[in-house]
Amino acid sequence: FTTSPADITVECSASSEPSATGTAVATDNCDTSVTITSADTTVAGTGNNSVITRVWTADDNNGNSTTYTQTITVEDSVAPSFTTSPADITVECDASTLPADTNGPAAATDNCDNNVTITYADTTVAGTGNNSVITRVWTATDENSNATTYTQTITVVDTTAPRFTSLPSSVTVECDAATTTEALGTAVATDNCDTSVTITYADTTVAGTGNNSVI
C-alpha cells in the first residue's frame, strides 16, 4: 500500500464512504493494475454510535494479496435542535397551564435520531394572591443523551373580579327597625379563582325630614 487511509472519527450524519474517509492505493512489482477492494464490518454501539472496521485488500494478477485495516468510529455528538419553541404566555388563573393550552408542546429534530425524546419540568413561584410565574424548562434528548434545553415562562394572573350571586333587595323599614345586614340581608359572591371572597360594605346615610333617611 502506498496510501493507507488513516483511522478516523466521523459524525453519525456524515458519510462513511471511502470517498469521504479515504481510499487506499497500492502498487505491485510486476502488475500495473492492482485490484483494490474493501469490506466493512460494523459493530453497533450506544444509540447512533458504531465502529466500522474496513479491511482493504490489494490483489495482483497472480493472486498475491496484502490487507490493511482502517477503523472508522461513528459518533453522535450533536444535540437535537428545537423546531417549535413555545412562546412565553400570560394566562388567567383559572385557565389550563398544560402544554397544549400554553403554546405547546415543543418539537425538536436531530441530525441522526428520528425519535427525539421531549420532556418538560415546571418550577412555580407564587406571587400575590392567585398570581404566579411558572418556569417551564423543555428538554430534547437524543439516543446518545445529547440534550438541548429551552425555557418558557408562563405568567398566571388574576384579572377577573368576583361576581355577586346574591344581592340584598332594596327595602323600606320603619325608623325603629334594625338596618343591620343580619336584618336586611347579606351579599354573597364567588370568584373564578379565589374560594374565599372577602365581602365588605359601607353605609352612607342621607337625612330626610324628621326621622326619615336613606341609607
# chains A, B, ... in the order shown; residues from 1 in each chain; ligands from 1

call {"tool": "closest_atom_pairs", "arguments": {"of": "stretch 3-108 of chain A", "to": "stretch 192-202 of chain A", "cutoff": "10 Å", "atoms": "only C-alpha atoms", "output": "CSV"}}
result
residue,atom,partner,partner_atom,distance
A:Glu92,CA,A:Cys193,CA,9.0
A:Cys93,CA,A:Cys193,CA,6.2
A:Asp94,CA,A:Cys193,CA,5.7
A:Ala95,CA,A:Cys193,CA,9.5

call {"tool": "write_last_selection", "arguments": {"atoms": "all heavy atoms", "output": "PDB file, in the first residue's frame"}}
result
ATOM      1  N   GLU A  92     -55.019  33.439  32.480  1.00  0.00           N
ATOM      2  CA  GLU A  92     -55.827  33.717  33.655  1.00  0.00           C
ATOM      3  C   GLU A  92     -55.665  32.572  34.656  1.00  0.00           C
ATOM      4  O   GLU A  92     -55.382  31.433  34.287  1.00  0.00           O
ATOM      5  CB  GLU A  92     -57.296  33.873  33.242  1.00  0.00           C
ATOM      6  CG  GLU A  92     -58.227  34.391  34.319  1.00  0.00           C
ATOM      7  CD  GLU A  92     -57.943  35.822  34.752  1.00  0.00           C
ATOM      8  OE1 GLU A  92     -57.309  36.572  33.994  1.00  0.00           O
ATOM      9  OE2 GLU A  92     -58.374  36.187  35.864  1.00  0.00           O
ATOM     10  N   CYS A  93     -55.864  32.892  35.933  1.00  0.00           N
ATOM     11  CA  CYS A  93     -55.585  31.925  36.997  1.00  0.00           C
ATOM     12  C   CYS A  93     -56.467  30.679  36.929  1.00  0.00           C
ATOM     13  O   CYS A  93     -56.089  29.623  37.456  1.00  0.00           O
ATOM     14  CB  CYS A  93     -55.714  32.581  38.368  1.00  0.00           C
ATOM     15  SG  CYS A  93     -57.302  33.393  38.650  1.00  0.00           S
ATOM     16  N   ASP A  94     -57.627  30.772  36.273  1.00  0.00           N
ATOM     17  CA  ASP A  94     -58.481  29.595  36.177  1.00  0.00           C
ATOM     18  C   ASP A  94     -58.296  28.846  34.858  1.00  0.00           C
ATOM     19  O   ASP A  94     -59.012  27.881  34.579  1.00  0.00           O
ATOM     20  CB  ASP A  94     -59.953  29.968  36.363  1.00  0.00           C
ATOM     21  CG  ASP A  94     -60.438  30.964  35.322  1.00  0.00           C
ATOM     22  OD1 ASP A  94     -59.592  31.601  34.651  1.00  0.00           O
ATOM     23  OD2 ASP A  94     -61.667  31.122  35.189  1.00  0.00           O
ATOM     24  N   ALA A  95     -57.344  29.280  34.052  1.00  0.00           N
ATOM     25  CA  ALA A  95     -57.084  28.626  32.768  1.00  0.00           C
ATOM     26  C   ALA A  95     -56.098  27.476  32.943  1.00  0.00           C
ATOM     27  O   ALA A  95     -55.327  27.421  33.899  1.00  0.00           O
ATOM     28  CB  ALA A  95     -56.544  29.633  31.759  1.00  0.00           C
TER      29      ALA A  95
END

call {"tool": "closest_atom_pairs", "arguments": {"of": "stretch 144-176 of chain A", "to": "stretch 82-86 of chain A", "cutoff": "10 Å", "atoms": "only C-alpha atoms", "output": "tab-separated table"}}
result
residue	atom	partner	partner_atom	distance
A:Thr148	CA	A:Phe82	CA	7.9
A:Thr149	CA	A:Phe82	CA	8.6
A:Tyr150	CA	A:Ser85	CA	7.2
A:Thr151	CA	A:Ser85	CA	8.6
A:Gln152	CA	A:Pro86	CA	6.6
A:Thr153	CA	A:Pro86	CA	9.2

call {"tool": "residues_around", "arguments": {"residues": "A:Leu167", "least_positions_apart": "2", "cutoff": "9 Å", "atoms": "only C-alpha atoms", "output": "ChimeraX atom specification"}}
result
/A:164-165,169,185-189

call {"tool": "residues_around", "arguments": {"residues": "A:Asn131", "least_positions_apart": "6", "cutoff": "10 Å", "atoms": "only C-alpha atoms", "output": "PyMOL selection string"}}
result
chain A and resi 91-93+125+155-159+193

call {"tool": "closest_residue", "arguments": {"among": "A:Val133, A:Cys12, A:Ala107, A:Ala6", "to": "A:Ala44", "atoms": "only C-alpha atoms"}}
result
A:Cys12

call {"tool": "residues_around", "arguments": {"residues": "A:Thr35", "least_positions_apart": "5", "cutoff": "12 Å", "atoms": "only C-alpha atoms", "output": "VMD selection string"}}
result
chain A and resid 1 24 to 28 56 to 67

call {"tool": "select_by_dssp", "arguments": {"residues": "stretch 69-128 of chain A", "states": "strand (DSSP E)", "output": "ChimeraX atom specification"}}
result
/A:69-75,81-84,89-92,107-109,117-126

call {"tool": "atom_distance", "arguments": {"atom1": "atom CA of A:Val51", "atom2": "atom CA of A:Ile8"}}
result
10.2 Å

call {"tool": "select_by_dssp", "arguments": {"residues": "stretch 16-176 of chain A", "states": "helix (DSSP H, G or I)", "output": "ChimeraX atom specification"}}
result
/A:18-21,99-101

call {"tool": "residues_around", "arguments": {"residues": "A:Glu75", "least_positions_apart": "4", "cutoff": "7 Å", "atoms": "only C-alpha atoms", "output": "number ranges by chain"}}
result
A: 10-12, 48-50

call {"tool": "closest_residue", "arguments": {"among": "A:Ile134, A:Asn211, A:Ile89, A:Thr139", "to": "A:Asp176", "atoms": "only C-alpha atoms"}}
result
A:Asn211

call {"tool": "atom_distance", "arguments": {"atom1": "atom CA of A:Ser132", "atom2": "atom CA of A:Ser96"}}
result
13.3 Å

call {"tool": "closest_residue", "arguments": {"among": "A:Gly45, A:Pro18, A:Pro80, A:Gly210", "to": "A:Asp110", "atoms": "only C-alpha atoms"}}
result
A:Pro80

call {"tool": "atom_distance", "arguments": {"atom1": "atom CA of A:Glu182", "atom2": "atom CA of A:Ile215"}}
result
15.5 Å

call {"tool": "residues_around", "arguments": {"residues": "A:Ser213", "least_positions_apart": "2", "cutoff": "12 Å", "atoms": "only C-alpha atoms", "output": "VMD selection string"}}
result
chain A and resid 172 to 176 179 204 to 211 215

call {"tool": "write_last_selection", "arguments": {"atoms": "N, CA, C and O atoms", "output": "tab-separated table (two decimals), in the first residue's frame"}}
result
chain	number	residue	atom	x	y	z
A	172	THR	N	-87.74	49.16	52.45
A	172	THR	CA	-88.18	50.29	53.26
A	172	THR	C	-88.54	49.78	54.65
A	172	THR	O	-89.27	48.80	54.79
A	173	VAL	N	-87.96	50.40	55.66
A	173	VAL	CA	-88.18	49.94	57.03
A	173	VAL	C	-88.65	51.10	57.90
A	173	VAL	O	-88.44	52.28	57.59
A	174	GLU	N	-89.28	50.72	58.99
A	174	GLU	CA	-89.71	51.73	59.97
A	174	GLU	C	-88.48	52.28	60.66
A	174	GLU	O	-87.46	51.62	60.78
A	175	CYS	N	-88.58	53.51	61.13
A	175	CYS	CA	-87.41	54.18	61.71
A	175	CYS	C	-86.86	53.48	62.95
A	175	CYS	O	-85.71	53.68	63.32
A	176	ASP	N	-87.71	52.68	63.61
A	176	ASP	CA	-87.21	51.97	64.79
A	176	ASP	C	-86.77	50.54	64.48
A	176	ASP	O	-86.43	49.78	65.38
A	179	THR	N	-81.36	48.07	60.86
A	179	THR	CA	-80.85	48.19	59.47
A	179	THR	C	-79.53	47.43	59.30
A	179	THR	O	-78.76	47.71	58.39
A	204	THR	N	-73.68	55.01	53.58
A	204	THR	CA	-73.75	56.47	53.52
A	204	THR	C	-75.20	56.84	53.78
A	204	THR	O	-76.11	56.37	53.08
A	205	THR	N	-75.44	57.63	54.80
A	205	THR	CA	-76.81	57.99	55.20
A	205	THR	C	-77.10	59.45	54.84
A	205	THR	O	-76.33	60.36	55.16
A	206	VAL	N	-78.22	59.63	54.14
A	206	VAL	CA	-78.68	60.98	53.79
A	206	VAL	C	-79.95	61.26	54.61
A	206	VAL	O	-80.97	60.55	54.46
A	207	ALA	N	-79.87	62.23	55.51
A	207	ALA	CA	-81.01	62.55	56.39
A	207	ALA	C	-82.15	63.18	55.59
A	207	ALA	O	-81.93	63.94	54.65
A	208	GLY	N	-83.36	62.80	55.99
A	208	GLY	CA	-84.54	63.39	55.37
A	208	GLY	C	-85.32	64.21	56.37
A	208	GLY	O	-84.76	64.74	57.34
A	209	THR	N	-86.62	64.31	56.17
A	209	THR	CA	-87.48	65.07	57.10
A	209	THR	C	-87.72	64.27	58.36
A	209	THR	O	-88.04	63.06	58.30
A	210	GLY	N	-87.55	64.87	59.48
A	210	GLY	CA	-87.81	64.20	60.74
A	210	GLY	C	-86.93	62.99	60.92
A	210	GLY	O	-85.69	63.08	60.89
A	211	ASN	N	-87.55	61.85	61.13
A	211	ASN	CA	-86.79	60.60	61.35
A	211	ASN	C	-86.56	59.82	60.07
A	211	ASN	O	-86.10	58.68	60.10
A	215	ILE	N	-80.39	55.21	53.42
A	215	ILE	CA	-79.06	54.61	53.62
A	215	ILE	C	-78.63	53.97	52.30
A	215	ILE	O	-79.35	53.13	51.74

call {"tool": "decode", "arguments": {"residues": "stretch 170-205 of chain A", "atoms": "N, CA, C and O atoms", "output": "CSV table (one decimal), in the first residue's frame"}}
result
chain,number,residue,atom,x,y,z
A,170,SER,N,-83.4,46.2,47.8
A,170,SER,CA,-83.7,47.4,48.4
A,170,SER,C,-85.0,47.3,49.3
A,170,SER,O,-85.9,46.5,48.9
A,171,VAL,N,-85.0,48.0,50.4
A,171,VAL,CA,-86.1,47.7,51.3
A,171,VAL,C,-86.5,49.0,52.0
A,171,VAL,O,-85.6,49.9,52.1
A,172,THR,N,-87.7,49.2,52.4
A,172,THR,CA,-88.2,50.3,53.3
A,172,THR,C,-88.5,49.8,54.6
A,172,THR,O,-89.3,48.8,54.8
A,173,VAL,N,-88.0,50.4,55.7
A,173,VAL,CA,-88.2,49.9,57.0
A,173,VAL,C,-88.7,51.1,57.9
A,173,VAL,O,-88.4,52.3,57.6
A,174,GLU,N,-89.3,50.7,59.0
A,174,GLU,CA,-89.7,51.7,60.0
A,174,GLU,C,-88.5,52.3,60.7
A,174,GLU,O,-87.5,51.6,60.8
A,175,CYS,N,-88.6,53.5,61.1
A,175,CYS,CA,-87.4,54.2,61.7
A,175,CYS,C,-86.9,53.5,62.9
A,175,CYS,O,-85.7,53.7,63.3
A,176,ASP,N,-87.7,52.7,63.6
A,176,ASP,CA,-87.2,52.0,64.8
A,176,ASP,C,-86.8,50.5,64.5
A,176,ASP,O,-86.4,49.8,65.4
A,177,ALA,N,-86.8,50.2,63.2
A,177,ALA,CA,-86.4,48.8,62.8
A,177,ALA,C,-84.9,48.7,62.6
A,177,ALA,O,-84.2,49.7,62.4
A,178,ALA,N,-84.3,47.5,62.7
A,178,ALA,CA,-82.9,47.3,62.6
A,178,ALA,C,-82.5,47.5,61.1
A,178,ALA,O,-83.2,47.1,60.2
A,179,THR,N,-81.4,48.1,60.9
A,179,THR,CA,-80.9,48.2,59.5
A,179,THR,C,-79.5,47.4,59.3
A,179,THR,O,-78.8,47.7,58.4
A,180,THR,N,-79.3,46.5,60.2
A,180,THR,CA,-78.1,45.7,60.1
A,180,THR,C,-78.2,44.7,58.9
A,180,THR,O,-79.3,44.4,58.4
A,181,THR,N,-77.1,44.1,58.6
A,181,THR,CA,-77.1,43.1,57.5
A,181,THR,C,-77.8,41.8,57.9
A,181,THR,O,-78.4,41.1,57.1
A,182,GLU,N,-77.7,41.6,59.2
A,182,GLU,CA,-78.5,40.4,59.8
A,182,GLU,C,-80.0,40.6,59.5
A,182,GLU,O,-80.7,39.6,59.3
A,183,ALA,N,-80.4,41.8,59.6
A,183,ALA,CA,-81.9,42.0,59.4
A,183,ALA,C,-82.3,42.2,58.0
A,183,ALA,O,-83.4,41.9,57.6
A,184,LEU,N,-81.4,42.8,57.2
A,184,LEU,CA,-81.8,43.2,55.8
A,184,LEU,C,-81.1,42.4,54.7
A,184,LEU,O,-81.4,42.5,53.6
A,185,GLY,N,-80.2,41.4,55.1
A,185,GLY,CA,-79.6,40.5,54.2
A,185,GLY,C,-78.1,40.8,53.9
A,185,GLY,O,-77.6,41.9,54.1
A,186,THR,N,-77.5,39.7,53.6
A,186,THR,CA,-76.0,39.8,53.3
A,186,THR,C,-75.7,39.4,51.9
A,186,THR,O,-76.3,38.4,51.3
A,187,ALA,N,-74.9,40.1,51.2
A,187,ALA,CA,-74.5,39.8,49.8
A,187,ALA,C,-73.6,38.5,49.8
A,187,ALA,O,-72.8,38.3,50.8
A,188,VAL,N,-73.6,37.8,48.7
A,188,VAL,CA,-72.8,36.6,48.5
A,188,VAL,C,-72.1,36.7,47.2
A,188,VAL,O,-72.8,37.1,46.2
A,189,ALA,N,-70.9,36.3,47.1
A,189,ALA,CA,-70.2,36.4,45.8
A,189,ALA,C,-69.2,35.2,45.6
A,189,ALA,O,-68.8,34.6,46.6
A,190,THR,N,-68.9,34.9,44.4
A,190,THR,CA,-68.0,33.9,44.0
A,190,THR,C,-66.9,34.5,43.1
A,190,THR,O,-67.1,35.5,42.5
A,191,ASP,N,-65.8,33.8,43.0
A,191,ASP,CA,-64.7,34.2,42.2
A,191,ASP,C,-64.1,33.1,41.3
A,191,ASP,O,-64.3,31.9,41.7
A,192,ASN,N,-63.6,33.4,40.2
A,192,ASN,CA,-63.1,32.4,39.3
A,192,ASN,C,-61.9,31.6,39.8
A,192,ASN,O,-61.6,30.5,39.4
A,193,CYS,N,-61.2,32.2,40.8
A,193,CYS,CA,-60.0,31.6,41.3
A,193,CYS,C,-60.0,31.5,42.9
A,193,CYS,O,-59.4,30.6,43.4
A,194,ASP,N,-60.6,32.5,43.5
A,194,ASP,CA,-60.5,32.7,44.9
A,194,ASP,C,-61.7,32.0,45.6
A,194,ASP,O,-62.8,32.3,45.3
A,195,THR,N,-61.4,31.0,46.5
A,195,THR,CA,-62.5,30.3,47.1
A,195,THR,C,-63.0,31.0,48.4
A,195,THR,O,-63.9,30.6,49.0
A,196,SER,N,-62.3,32.1,48.7
A,196,SER,CA,-62.6,32.8,50.0
A,196,SER,C,-62.7,34.3,49.7
A,196,SER,O,-61.8,35.1,49.9
A,197,VAL,N,-63.9,34.7,49.0
A,197,VAL,CA,-64.0,36.1,48.6
A,197,VAL,C,-64.4,36.9,49.9
A,197,VAL,O,-65.2,36.5,50.7
A,198,THR,N,-63.7,38.0,50.1
A,198,THR,CA,-64.0,38.9,51.2
A,198,THR,C,-65.1,39.9,50.8
A,198,THR,O,-64.9,40.6,49.8
A,199,ILE,N,-66.1,39.9,51.5
A,199,ILE,CA,-67.3,40.8,51.3
A,199,ILE,C,-67.4,41.9,52.4
A,199,ILE,O,-67.5,41.5,53.6
A,200,THR,N,-67.3,43.1,52.0
A,200,THR,CA,-67.5,44.2,53.0
A,200,THR,C,-68.6,45.1,52.5
A,200,THR,O,-69.1,45.0,51.4
A,201,TYR,N,-69.0,46.0,53.4
A,201,TYR,CA,-70.0,47.0,53.0
A,201,TYR,C,-69.7,48.4,53.7
A,201,TYR,O,-69.0,48.4,54.7
A,202,ALA,N,-70.2,49.4,53.1
A,202,ALA,CA,-70.0,50.8,53.7
A,202,ALA,C,-71.3,51.5,53.5
A,202,ALA,O,-71.9,51.5,52.4
A,203,ASP,N,-71.8,52.1,54.5
A,203,ASP,CA,-73.1,52.9,54.5
A,203,ASP,C,-72.9,54.4,54.4
A,203,ASP,O,-72.0,54.9,55.0
A,204,THR,N,-73.7,55.0,53.6
A,204,THR,CA,-73.7,56.5,53.5
A,204,THR,C,-75.2,56.8,53.8
A,204,THR,O,-76.1,56.4,53.1
A,205,THR,N,-75.4,57.6,54.8
A,205,THR,CA,-76.8,58.0,55.2
A,205,THR,C,-77.1,59.4,54.8
A,205,THR,O,-76.3,60.4,55.2
